[in-house]
file upload_38.cif (mmCIF, C-alpha atoms and all ligand atoms)
data_protein
loop_
_atom_site.label_atom_id
_atom_site.label_comp_id
_atom_site.auth_asym_id
_atom_site.auth_seq_id
_atom_site.Cartn_x
_atom_site.Cartn_y
_atom_site.Cartn_z
CA MET J 1 -21.91 13.95 -7.09
CA THR J 2 -22.86 16.79 -4.73
CA ALA J 3 -20.22 19.49 -4.87
CA ALA J 4 -17.67 18.87 -2.12
CA HIS J 5 -17.67 21.37 0.69
CA ALA J 6 -16.12 21.70 4.13
CA ARG J 7 -17.83 22.45 7.44
CA ARG J 8 -15.51 23.72 10.21
CA ILE J 9 -15.51 21.44 13.25
CA GLY J 10 -12.61 22.76 15.38
CA ALA J 11 -12.28 26.19 16.98
CA THR J 12 -9.63 27.54 14.58
CA PHE J 13 -9.14 24.71 12.05
CA ALA J 14 -10.27 21.18 11.05
CA ALA J 15 -13.34 20.55 8.91
CA VAL J 16 -15.72 17.76 7.94
CA VAL J 17 -15.95 17.33 4.17
CA VAL J 18 -19.32 16.41 2.73
CA GLY J 19 -20.31 15.60 -0.83
CA VAL J 20 -17.38 13.29 -1.62
CA ASP J 21 -17.45 9.52 -1.99
CA LEU J 22 -13.81 8.45 -1.86
CA ARG J 23 -14.65 5.20 -3.70
CA SER J 24 -15.18 7.28 -6.83
CA HIS J 25 -12.67 8.69 -9.25
CA LEU J 26 -11.63 12.18 -8.11
CA ASP J 27 -11.94 14.50 -11.08
CA GLU J 28 -9.42 17.34 -11.28
CA GLN J 29 -11.95 19.93 -10.11
CA THR J 30 -12.74 17.90 -6.96
CA ALA J 31 -9.04 17.21 -6.33
CA GLU J 32 -8.26 20.93 -6.60
CA SER J 33 -11.10 21.76 -4.26
CA LEU J 34 -9.81 19.21 -1.71
CA ARG J 35 -6.30 20.70 -1.92
CA GLU J 36 -7.73 24.16 -1.20
CA MET J 37 -9.79 22.78 1.71
CA LEU J 38 -6.78 21.03 3.24
CA ALA J 39 -4.63 24.16 2.91
CA THR J 40 -7.39 26.19 4.58
CA HIS J 41 -8.48 23.82 7.34
CA GLY J 42 -5.37 21.71 7.99
CA VAL J 43 -7.36 18.61 8.95
CA LEU J 44 -10.14 17.13 6.79
CA ILE J 45 -12.55 14.48 8.04
CA PHE J 46 -14.55 12.29 5.67
CA ARG J 47 -17.21 10.26 7.50
CA ASP J 48 -18.42 6.75 6.67
CA GLN J 49 -15.98 6.01 3.85
CA ARG J 50 -16.11 2.26 3.19
CA ILE J 51 -13.02 2.37 1.03
CA GLU J 52 -10.39 -0.07 -0.17
CA ASP J 53 -6.62 0.46 -0.13
CA ALA J 54 -6.68 1.69 -3.73
CA ASP J 55 -9.19 4.42 -2.82
CA GLN J 56 -6.98 5.69 0.01
CA ILE J 57 -3.98 5.77 -2.33
CA ARG J 58 -6.03 7.65 -4.93
CA LEU J 59 -6.89 10.29 -2.31
CA ILE J 60 -3.26 10.66 -1.22
CA SER J 61 -2.23 10.98 -4.87
CA ALA J 62 -4.33 14.15 -5.09
CA PHE J 63 -1.83 15.72 -2.62
CA GLY J 64 1.50 14.22 -3.68
CA VAL J 65 3.34 11.08 -4.59
CA PRO J 66 2.31 8.26 -2.21
CA HIS J 67 5.12 7.36 0.16
CA ARG J 68 6.43 3.80 0.12
CA SER J 69 6.97 3.10 3.80
CA SER J 70 10.21 1.53 4.98
CA PHE J 71 8.48 0.50 8.20
CA GLU J 72 8.37 -3.26 8.62
CA VAL J 73 4.75 -3.44 9.74
CA THR J 74 2.95 -3.01 6.47
CA THR J 75 -0.41 -4.41 5.56
CA GLY J 76 1.43 -6.98 3.52
CA ALA J 77 -0.78 -6.24 0.56
CA ASN J 78 0.29 -2.73 -0.25
CA PRO J 79 3.72 -1.15 0.33
CA PHE J 80 2.20 2.36 0.37
CA LEU J 81 0.03 1.74 3.45
CA ILE J 82 0.87 0.70 6.98
CA ASP J 83 -1.33 -0.41 9.85
CA ILE J 84 -1.49 1.54 13.10
CA THR J 85 -2.79 -1.03 15.53
CA ASN J 86 -2.66 -2.47 19.04
CA VAL J 87 -3.04 -6.11 17.95
CA ASP J 88 -1.05 -8.61 15.92
CA ALA J 89 -2.15 -10.39 12.76
CA GLU J 90 -4.13 -12.91 14.84
CA GLY J 91 -5.94 -10.10 16.70
CA LEU J 92 -4.03 -10.61 19.97
CA PRO J 93 -2.88 -7.54 21.94
CA LEU J 94 0.77 -6.64 21.38
CA PRO J 95 2.95 -6.99 24.49
CA ARG J 96 3.95 -3.63 25.98
CA ASP J 97 7.64 -4.28 25.29
CA ASN J 98 6.98 -5.26 21.67
CA ARG J 99 9.20 -3.26 19.29
CA TYR J 100 6.21 -1.98 17.32
CA ALA J 101 4.21 -1.15 20.50
CA LEU J 102 7.15 0.95 21.76
CA TYR J 103 7.22 2.77 18.41
CA MET J 104 3.49 3.50 18.73
CA LYS J 105 4.02 4.74 22.29
CA ALA J 106 6.34 7.41 20.91
CA ASN J 107 3.41 8.71 18.82
CA GLU J 108 1.69 9.83 22.02
CA GLN J 109 4.09 12.80 21.99
CA TRP J 110 3.05 15.83 19.93
CA HIS J 111 4.79 15.44 16.60
CA SER J 112 4.83 15.95 12.89
CA ASP J 113 5.62 12.88 10.81
CA GLY J 114 9.05 12.18 9.38
CA THR J 115 10.66 15.50 10.30
CA TYR J 116 13.95 13.61 10.82
CA ASN J 117 14.03 13.04 7.06
CA ARG J 118 15.10 15.73 4.59
CA LEU J 119 11.76 15.11 2.89
CA PRO J 120 9.23 14.94 5.73
CA HIS J 121 5.57 14.06 5.33
CA ALA J 122 3.50 16.62 3.47
CA VAL J 123 0.18 14.93 4.26
CA THR J 124 -0.80 11.88 6.29
CA SER J 125 -4.10 10.01 6.18
CA LEU J 126 -5.66 7.52 8.58
CA HIS J 127 -8.65 5.31 7.85
CA ALA J 128 -10.47 3.67 10.77
CA ARG J 129 -10.96 0.01 9.77
CA ALA J 130 -11.80 -1.44 13.20
CA LEU J 131 -12.41 0.42 16.44
CA PRO J 132 -12.93 -0.64 20.05
CA PRO J 133 -16.14 0.43 21.86
CA GLU J 134 -14.40 3.53 23.24
CA PRO J 135 -11.78 4.41 20.65
CA PRO J 136 -8.87 6.59 21.77
CA PRO J 137 -9.07 9.99 20.06
CA THR J 138 -6.32 11.55 17.94
CA GLN J 139 -5.45 15.16 18.71
CA TYR J 140 -4.36 17.91 16.34
CA ALA J 141 -2.92 21.34 17.13
CA ASP J 142 -3.16 24.39 14.88
CA THR J 143 0.42 25.63 14.47
CA GLN J 144 -0.64 28.59 12.30
CA ALA J 145 -2.98 29.96 14.97
CA ALA J 146 -0.18 29.31 17.49
CA TRP J 147 2.30 31.33 15.39
CA GLU J 148 -0.15 34.17 14.85
CA ALA J 149 -0.82 34.38 18.60
CA LEU J 150 2.84 35.12 19.36
CA PRO J 151 3.81 38.77 19.93
CA ALA J 152 5.50 40.35 16.89
CA ARG J 153 8.75 40.78 18.83
CA ARG J 154 8.82 37.07 19.62
CA GLN J 155 8.10 36.18 15.99
CA ILE J 156 11.11 38.24 14.88
CA GLU J 157 13.34 36.39 17.38
CA LEU J 158 12.17 32.99 16.12
CA GLU J 159 12.13 33.51 12.38
CA GLY J 160 15.18 32.05 10.69
CA LEU J 161 15.97 29.53 13.44
CA VAL J 162 16.84 26.03 12.26
CA ILE J 163 15.92 22.95 14.26
CA GLU J 164 17.65 19.59 14.25
CA HIS J 165 15.20 16.67 14.20
CA ASP J 166 16.45 13.29 15.39
CA ARG J 167 14.45 10.03 15.29
CA ALA J 168 16.34 8.59 18.24
CA TRP J 169 15.51 11.65 20.37
CA SER J 170 11.73 11.07 20.39
CA LEU J 171 12.23 7.36 21.17
CA SER J 172 14.67 8.13 23.99
CA LYS J 173 11.95 10.21 25.66
CA VAL J 174 9.67 7.14 25.82
CA SER J 175 12.14 4.87 27.60
CA PRO J 176 15.64 3.42 27.26
CA GLU J 177 13.93 0.20 26.05
CA ALA J 178 12.19 2.05 23.21
CA ALA J 179 15.48 3.65 22.13
CA ALA J 180 17.28 0.30 22.34
CA ALA J 181 14.57 -1.54 20.39
CA HIS J 182 15.00 0.97 17.57
CA SER J 183 18.76 1.53 17.63
CA ASP J 184 18.70 1.02 13.85
CA VAL J 185 17.23 4.54 13.51
CA ASN J 186 20.24 6.17 15.18
CA GLY J 187 21.63 8.82 12.91
CA ARG J 188 18.34 9.57 11.15
CA MET J 189 18.46 13.33 11.48
CA ALA J 190 17.51 16.33 9.39
CA ARG J 191 17.36 20.08 9.75
CA GLN J 192 14.07 21.91 9.31
CA PRO J 193 13.09 25.57 9.60
CA LEU J 194 11.27 26.50 12.82
CA VAL J 195 8.93 28.76 10.90
CA ARG J 196 7.46 27.77 7.56
CA THR J 197 5.13 29.45 5.11
CA HIS J 198 2.24 27.56 3.59
CA PRO J 199 2.71 27.38 -0.20
CA VAL J 200 -1.03 27.79 -0.89
CA THR J 201 -2.24 30.29 1.73
CA GLY J 202 1.01 32.13 2.57
CA ARG J 203 0.24 31.77 6.30
CA LYS J 204 3.17 31.09 8.60
CA SER J 205 3.33 28.33 11.20
CA LEU J 206 5.60 26.87 13.85
CA TYR J 207 7.12 23.66 12.50
CA LEU J 208 7.79 21.45 15.49
CA SER J 209 7.82 17.79 16.46
CA SER J 210 8.71 15.40 19.26
CA HIS J 211 11.72 14.61 17.07
CA ALA J 212 13.01 18.21 17.39
CA SER J 213 16.13 17.75 19.51
CA HIS J 214 17.87 21.11 19.53
CA VAL J 215 18.34 24.48 17.87
CA VAL J 216 21.23 24.69 15.44
CA GLY J 217 23.92 27.05 16.73
CA ARG J 218 22.64 27.19 20.31
CA PRO J 219 23.59 25.21 23.41
CA LYS J 220 21.56 21.99 23.57
CA ASP J 221 19.83 22.76 26.86
CA GLN J 222 18.68 26.14 25.57
CA GLY J 223 17.30 24.49 22.43
CA ILE J 224 15.48 21.78 24.39
CA SER J 225 13.92 24.42 26.59
CA LEU J 226 12.84 26.63 23.63
CA ILE J 227 11.35 23.66 21.74
CA GLY J 228 9.49 22.52 24.87
CA GLU J 229 8.15 26.02 25.46
CA LEU J 230 6.93 26.40 21.86
CA ILE J 231 5.27 22.97 21.75
CA ALA J 232 3.51 23.78 25.04
CA HIS J 233 2.36 27.09 23.53
CA ALA J 234 1.12 25.49 20.29
CA THR J 235 -0.81 22.72 22.01
CA GLN J 236 -2.83 24.81 24.44
CA PRO J 237 -6.47 23.65 24.49
CA HIS J 238 -7.72 26.55 22.35
CA PHE J 239 -5.42 25.47 19.50
CA VAL J 240 -6.36 21.79 19.72
CA TYR J 241 -8.97 19.75 17.86
CA THR J 242 -9.65 16.31 19.36
CA HIS J 243 -10.93 13.81 16.81
CA GLN J 244 -13.36 11.26 18.23
CA TRP J 245 -13.17 8.37 15.79
CA GLN J 246 -16.10 6.63 14.18
CA VAL J 247 -15.53 3.49 12.16
CA TYR J 248 -14.78 4.25 8.47
CA ASP J 249 -13.65 7.82 9.20
CA LEU J 250 -10.90 8.92 6.85
CA VAL J 251 -8.85 11.81 8.25
CA ILE J 252 -6.12 13.55 6.29
CA TRP J 253 -3.92 16.35 7.62
CA ASP J 254 -1.40 18.85 6.32
CA ALA J 255 1.92 18.80 8.19
CA ALA J 256 2.54 22.44 7.26
CA LEU J 257 -0.01 23.63 9.81
CA THR J 258 -0.56 20.84 12.33
CA LEU J 259 0.97 18.89 15.15
CA HIS J 260 -0.72 15.65 16.15
CA ARG J 261 -0.54 12.91 18.74
CA ALA J 262 -2.13 9.57 19.57
CA THR J 263 -3.76 9.16 22.97
CA PRO J 264 -3.06 6.18 25.23
CA TYR J 265 -5.07 3.01 24.80
CA SER J 266 -4.52 -0.10 26.87
CA ALA J 267 -7.66 -2.24 26.43
CA ALA J 268 -7.50 -5.50 24.49
CA ASN J 269 -10.15 -4.69 21.85
CA ALA J 270 -8.70 -4.37 18.39
CA ARG J 271 -8.01 -0.97 16.91
CA ARG J 272 -6.84 -0.95 13.31
CA MET J 273 -6.11 2.24 11.41
CA ARG J 274 -4.65 2.20 7.93
CA GLN J 275 -2.15 4.95 7.24
CA GLY J 276 -0.97 6.36 3.95
CA ALA J 277 1.10 9.48 3.32
CA ALA J 278 2.85 11.66 0.77
CA LEU J 279 6.21 13.35 1.30
CA LEU J 280 7.18 16.88 0.40
CA PRO J 281 8.52 17.04 -3.17
CA ARG J 282 11.62 19.03 -2.10
CA PRO J 283 13.44 19.86 1.17
CA LEU J 284 12.35 22.93 3.16
CA ILE J 285 15.98 23.86 3.73
CA ASP J 286 19.26 23.45 1.87
CA ASP J 287 22.07 22.03 3.92
FE FE T 301 2.18 10.63 13.39
#
call {"tool": "encode", "arguments": {"input": "upload_38.cif", "output": "structure tokens", "more": "lines below"}}
Ligand SMILES: [Fe+2]
result
Amino acid sequence: MTAAHARRIGATFAAVVVGVDLRSHLDEQTAESLREMLATHGVLIFRDQRIEDADQIRLISAFGVPHRSSFEVTTGANPFLIDITNVDAEGLPLPRDNRYALYMKANEQWHSDGTYNRLPHAVTSLHARALPPEPPPTQYADTQAAWEALPARRQIELEGLVIEHDRAWSLSKVSPEAAAAHSDVNGRMARQPLVRTHPVTGRKSLYLSSHASHVVGRPKDQGISLIGELIAHATQPHFVYTHQWQVYDLVIWDAALTLHRATPYSAANARRMRQGAALLPRPLIDD
């Protein structure tokens, strides 16, 4: 195997990895090199990976314990992977008011996965199994570059703030129907630090999400306004990498230094992405 290496593709982060066939066993040296690359670049893209479910799980395992999803739309075959799609099992477009379609709509907001859980996602991967002729891109924002661009005085004001993340909050911003269709998630909340430090590189980042509902200890409207302002700052075009999907792309990203969002897609052609993730091994905050 050619030694794996990363070629930067975004302005400040995101890289294409070459020299790795994800169908093969990942030896410890390769796994360590991939962990370093992910910590450095935040988003890794592997092109033309004709992999099976087991290969995707093997890759995730290099970064943490694969997460068994509680989401009801699984592939059916493997509890560690879910399908991100616009069609049902028969290939027919999902109705706009479908419970799952409303959930996917919420992913068009800038977010980090699972921040409403005490153990949020550490890494998430997506594998493009079937794409329409003009696939909707996925966007990523570099929350380390965003933090580093803030004036020192502002950084001092922000450090130490704790944010409440609430699953129902991000759904309520889609529509009352989306919130109602997912009323079972009410009460899924967790506190996360606003600023986190990457365990490998030591770089700091803004840790935000569409689920971030308010700032602990501050009036709600002030918190909403601060969170909105910081997400707008972090997702300015110069911090964003837009991934244009090709079939069989495998993209994996590190939640410690990225925000991401889906982009709207309304055509009937099938889009099927397989998602697998690993959670953080321990909470970022004691509460
Ligand atoms: Fe997501």
call {"tool": "residues_around", "arguments": {"input": "upload_38.cif", "residues": "J:Glu32", "least_positions_apart": "6", "cutoff": "10 Å", "atoms": "only C-alpha atoms", "output": "ChimeraX atom specification"}}
result
/J:26,38,62-63
call {"tool": "closest_residue", "arguments": {"input": "upload_38.cif", "among": "J:Arg191, J:Lys105, J:His238, J:Lys220", "to": "ligand FE 301 (chain T)", "atoms": "all atoms listed in the file"}}
result
J:Lys105
call {"tool": "closest_residue", "arguments": {"input": "upload_38.cif", "among": "J:Ala14, J:Ala212, J:Val20, J:Leu259", "to": "ligand FE 301 (chain T)", "atoms": "all atoms listed in the file"}}
result
J:Leu259
call {"tool": "atom_distance", "arguments": {"input": "upload_38.cif", "atom1": "atom CA of J:Ala181", "atom2": "atom CA of J:Ala101"}}
result
10.4 Å
call {"tool": "atom_distance", "arguments": {"input": "upload_38.cif", "atom1": "atom CA of J:Thr138", "atom2": "atom CA of J:Val123"}}
result
15.5 Å
call {"tool": "atom_distance", "arguments": {"input": "upload_38.cif", "atom1": "atom CA of J:Leu250", "atom2": "atom CA of J:Leu126"}}
result
5.7 Å
call {"tool": "residues_around", "arguments": {"input": "upload_38.cif", "residues": "J:Ala145", "least_positions_apart": "3", "cutoff": "12 Å", "atoms": "all atoms listed in the file", "output": "PyMOL selection string"}}
result
chain J and resi 11-13+40-42+141-142+148-150+203-206+233-240+257-259
call {"tool": "closest_residue", "arguments": {"input": "upload_38.cif", "among": "J:Ala39, J:Val87, J:Ala122, J:Ala54", "to": "ligand FE 301 (chain T)", "atoms": "all atoms listed in the file"}}
result
J:Ala122
call {"tool": "closest_atom_pairs", "arguments": {"input": "upload_38.cif", "of": "chain J", "to": "ligand FE 301 (chain T)", "cutoff": "8 Å", "atoms": "all atoms listed in the file", "output": "CSV"}}
result
residue,atom,partner,partner_atom,distance
J:Asn107,CA,T:FE301,FE,5.9
J:His111,CA,T:FE301,FE,6.3
J:Ser112,CA,T:FE301,FE,6.0
J:Asp113,CA,T:FE301,FE,4.9
J:Thr124,CA,T:FE301,FE,7.8
J:His260,CA,T:FE301,FE,6.4
J:Arg261,CA,T:FE301,FE,6.4
J:Ala262,CA,T:FE301,FE,7.6
call {"tool": "write_last_selection", "arguments": {"input": "upload_38.cif", "atoms": "C-alpha atoms", "output": "CSV table (one decimal), keeping the file's coordinate frame"}}
result
chain,number,residue,atom,x,y,z
J,107,ASN,CA,3.4,8.7,18.8
J,111,HIS,CA,4.8,15.4,16.6
J,112,SER,CA,4.8,16.0,12.9
J,113,ASP,CA,5.6,12.9,10.8
J,124,THR,CA,-0.8,11.9,6.3
J,260,HIS,CA,-0.7,15.6,16.2
J,261,ARG,CA,-0.5,12.9,18.7
J,262,ALA,CA,-2.1,9.6,19.6
